[in-house]
Amino acid sequence: MSGTTDPGNPNGIQVGDIYEDCSFHPVLCTAVDEVAGVVLSGISLIDGTFPRSCDALHCGPVRIRVEEVMAIKRDLDGYTRRRKEELRRSDNT
């Protein structure tokens, strides 16, 4: 990794990473398409749905640690509520 940040993929998510998508699902990244922006695609580690896709810049996906996945899976609704509140607070600052 070069240490420079891609402005279209500020979190540097790559194939094999686990990220939180727009629906707050932990997703295993299976593809990064850089043709029309940076579109991340993957498989939900909650329910196996695919393809799940996010725009790396506009959707704001963030990397998450594999250790967090089981906690999220146990209480996706609670995790979603907490993350929405965190995002709402950060938008108000």
# chains A, B, ... in the order shown; residues from 1 in each chain; ligands from 1

$ select_by_dssp --residues "chain A" --states "helix (DSSP H, G or I)" --output "PyMOL selection string"
chain A and resi 66-74+76-91

$ write_last_selection --atoms "C-alpha atoms" --output "short mmCIF file (atom, residue, chain, number, x, y, z; two decimals), in the first residue's frame"
data_model
loop_
_atom_site.label_atom_id
_atom_site.label_comp_id
_atom_site.auth_asym_id
_atom_site.auth_seq_id
_atom_site.Cartn_x
_atom_site.Cartn_y
_atom_site.Cartn_z
CA VAL A 66 -13.89 -9.30 11.88
CA GLU A 67 -14.33 -9.46 15.67
CA GLU A 68 -17.24 -7.01 15.39
CA VAL A 69 -19.18 -9.11 12.90
CA MET A 70 -20.58 -11.62 15.43
CA ALA A 71 -21.71 -8.85 17.79
CA ILE A 72 -23.43 -7.08 14.90
CA LYS A 73 -25.05 -10.34 13.77
CA ARG A 74 -26.46 -10.96 17.27
CA LEU A 76 -28.31 -5.94 13.88
CA ASP A 77 -31.26 -3.71 14.86
CA GLY A 78 -29.46 -2.40 17.95
CA TYR A 79 -26.25 -1.88 15.99
CA THR A 80 -28.16 -0.02 13.27
CA ARG A 81 -29.84 2.28 15.81
CA ARG A 82 -26.50 3.05 17.49
CA ARG A 83 -24.72 3.76 14.18
CA LYS A 84 -27.56 6.02 12.96
CA GLU A 85 -27.30 8.00 16.20
CA GLU A 86 -23.51 8.25 15.85
CA LEU A 87 -23.88 9.50 12.28
CA ARG A 88 -26.60 11.97 13.26
CA ARG A 89 -24.36 13.39 16.02
CA SER A 90 -21.38 13.67 13.67
CA ASP A 91 -23.54 15.50 11.08
#

$ residues_around --residues "A:Tyr19" --least-positions-apart "3" --cutoff "7 Å" --atoms "only C-alpha atoms" --output "PyMOL selection string"
chain A and resi 26-28+61-64

$ closest_residue --among "A:Ile46, A:Leu40, A:Leu57, A:Gly8" --to "A:Phe24" --atoms "only C-alpha atoms"
A:Ile46

$ select_by_dssp --residues "chain A" --states "strand (DSSP E)" --output "list in words"
Ile18, Tyr19, Glu20, Pro26, Val27, Leu28, Cys29, Thr30, Ala31, Val32, Asp33, Val39, Leu40, Ser41, Gly42, Ile43, Ser44, Arg52, Ser53, Cys54, Asp55, Val62 and Arg63 of chain A

$ write_last_selection --atoms "N, CA and C atoms" --output "PDB file, in the first residue's frame"
ATOM      1  N   ILE A  18     -13.544  -6.243   5.171  1.00  0.00           N
ATOM      2  CA  ILE A  18     -14.926  -6.238   5.650  1.00  0.00           C
ATOM      3  C   ILE A  18     -15.291  -4.781   5.905  1.00  0.00           C
ATOM      4  N   TYR A  19     -16.424  -4.370   5.345  1.00  0.00           N
ATOM      5  CA  TYR A  19     -16.861  -2.994   5.531  1.00  0.00           C
ATOM      6  C   TYR A  19     -18.336  -2.953   5.900  1.00  0.00           C
ATOM      7  N   GLU A  20     -18.742  -1.830   6.483  1.00  0.00           N
ATOM      8  CA  GLU A  20     -20.138  -1.585   6.815  1.00  0.00           C
ATOM      9  C   GLU A  20     -20.771  -0.867   5.634  1.00  0.00           C
ATOM     10  N   PRO A  26     -22.355  -5.804   7.839  1.00  0.00           N
ATOM     11  CA  PRO A  26     -20.947  -6.090   7.571  1.00  0.00           C
ATOM     12  C   PRO A  26     -20.897  -6.870   6.254  1.00  0.00           C
ATOM     13  N   VAL A  27     -20.055  -6.413   5.340  1.00  0.00           N
ATOM     14  CA  VAL A  27     -19.986  -6.989   3.997  1.00  0.00           C
ATOM     15  C   VAL A  27     -18.548  -7.373   3.695  1.00  0.00           C
ATOM     16  N   LEU A  28     -18.368  -8.565   3.151  1.00  0.00           N
ATOM     17  CA  LEU A  28     -17.062  -8.984   2.663  1.00  0.00           C
ATOM     18  C   LEU A  28     -16.920  -8.442   1.252  1.00  0.00           C
ATOM     19  N   CYS A  29     -15.942  -7.585   1.029  1.00  0.00           N
ATOM     20  CA  CYS A  29     -15.732  -6.964  -0.276  1.00  0.00           C
ATOM     21  C   CYS A  29     -15.214  -8.006  -1.262  1.00  0.00           C
ATOM     22  N   THR A  30     -15.935  -8.164  -2.368  1.00  0.00           N
ATOM     23  CA  THR A  30     -15.541  -9.121  -3.400  1.00  0.00           C
ATOM     24  C   THR A  30     -15.111  -8.453  -4.700  1.00  0.00           C
ATOM     25  N   ALA A  31     -15.394  -7.149  -4.841  1.00  0.00           N
ATOM     26  CA  ALA A  31     -15.004  -6.446  -6.061  1.00  0.00           C
ATOM     27  C   ALA A  31     -14.932  -4.951  -5.803  1.00  0.00           C
ATOM     28  N   VAL A  32     -13.992  -4.309  -6.470  1.00  0.00           N
ATOM     29  CA  VAL A  32     -13.861  -2.858  -6.454  1.00  0.00           C
ATOM     30  C   VAL A  32     -13.841  -2.417  -7.906  1.00  0.00           C
ATOM     31  N   ASP A  33     -14.899  -1.724  -8.322  1.00  0.00           N
ATOM     32  CA  ASP A  33     -15.026  -1.260  -9.699  1.00  0.00           C
ATOM     33  C   ASP A  33     -14.698   0.222  -9.739  1.00  0.00           C
ATOM     34  N   VAL A  39     -16.983   1.762  -6.903  1.00  0.00           N
ATOM     35  CA  VAL A  39     -18.126   1.013  -6.410  1.00  0.00           C
ATOM     36  C   VAL A  39     -17.617  -0.264  -5.759  1.00  0.00           C
ATOM     37  N   LEU A  40     -17.977  -0.437  -4.493  1.00  0.00           N
ATOM     38  CA  LEU A  40     -17.608  -1.640  -3.758  1.00  0.00           C
ATOM     39  C   LEU A  40     -18.765  -2.616  -3.835  1.00  0.00           C
ATOM     40  N   SER A  41     -18.458  -3.876  -4.080  1.00  0.00           N
ATOM     41  CA  SER A  41     -19.484  -4.920  -4.091  1.00  0.00           C
ATOM     42  C   SER A  41     -19.046  -6.030  -3.173  1.00  0.00           C
ATOM     43  N   GLY A  42     -20.038  -6.721  -2.610  1.00  0.00           N
ATOM     44  CA  GLY A  42     -19.690  -7.809  -1.724  1.00  0.00           C
ATOM     45  C   GLY A  42     -20.880  -8.625  -1.296  1.00  0.00           C
ATOM     46  N   ILE A  43     -20.633  -9.447  -0.259  1.00  0.00           N
ATOM     47  CA  ILE A  43     -21.622 -10.373   0.278  1.00  0.00           C
ATOM     48  C   ILE A  43     -21.871 -10.006   1.738  1.00  0.00           C
ATOM     49  N   SER A  44     -23.149  -9.879   2.109  1.00  0.00           N
ATOM     50  CA  SER A  44     -23.499  -9.583   3.494  1.00  0.00           C
ATOM     51  C   SER A  44     -23.080 -10.740   4.395  1.00  0.00           C
ATOM     52  N   ARG A  52     -24.123  -6.742  -2.824  1.00  0.00           N
ATOM     53  CA  ARG A  52     -24.408  -5.530  -2.060  1.00  0.00           C
ATOM     54  C   ARG A  52     -23.376  -4.522  -2.512  1.00  0.00           C
ATOM     55  N   SER A  53     -23.832  -3.379  -2.972  1.00  0.00           N
ATOM     56  CA  SER A  53     -22.910  -2.398  -3.546  1.00  0.00           C
ATOM     57  C   SER A  53     -23.052  -1.047  -2.879  1.00  0.00           C
ATOM     58  N   CYS A  54     -21.917  -0.364  -2.745  1.00  0.00           N
ATOM     59  CA  CYS A  54     -21.868   0.984  -2.178  1.00  0.00           C
ATOM     60  C   CYS A  54     -20.882   1.823  -2.974  1.00  0.00           C
ATOM     61  N   ASP A  55     -21.193   3.082  -3.106  1.00  0.00           N
ATOM     62  CA  ASP A  55     -20.247   4.039  -3.666  1.00  0.00           C
ATOM     63  C   ASP A  55     -19.270   4.382  -2.548  1.00  0.00           C
ATOM     64  N   VAL A  62     -17.296   2.081   5.880  1.00  0.00           N
ATOM     65  CA  VAL A  62     -16.128   2.068   6.753  1.00  0.00           C
ATOM     66  C   VAL A  62     -15.695   0.626   6.992  1.00  0.00           C
ATOM     67  N   ARG A  63     -14.392   0.443   7.126  1.00  0.00           N
ATOM     68  CA  ARG A  63     -13.882  -0.879   7.465  1.00  0.00           C
ATOM     69  C   ARG A  63     -14.323  -1.235   8.875  1.00  0.00           C
TER      70      ARG A  63
END

$ atom_distance --atom1 "atom CA of A:Asp17" --atom2 "atom CA of A:Thr49"
16.7 Å
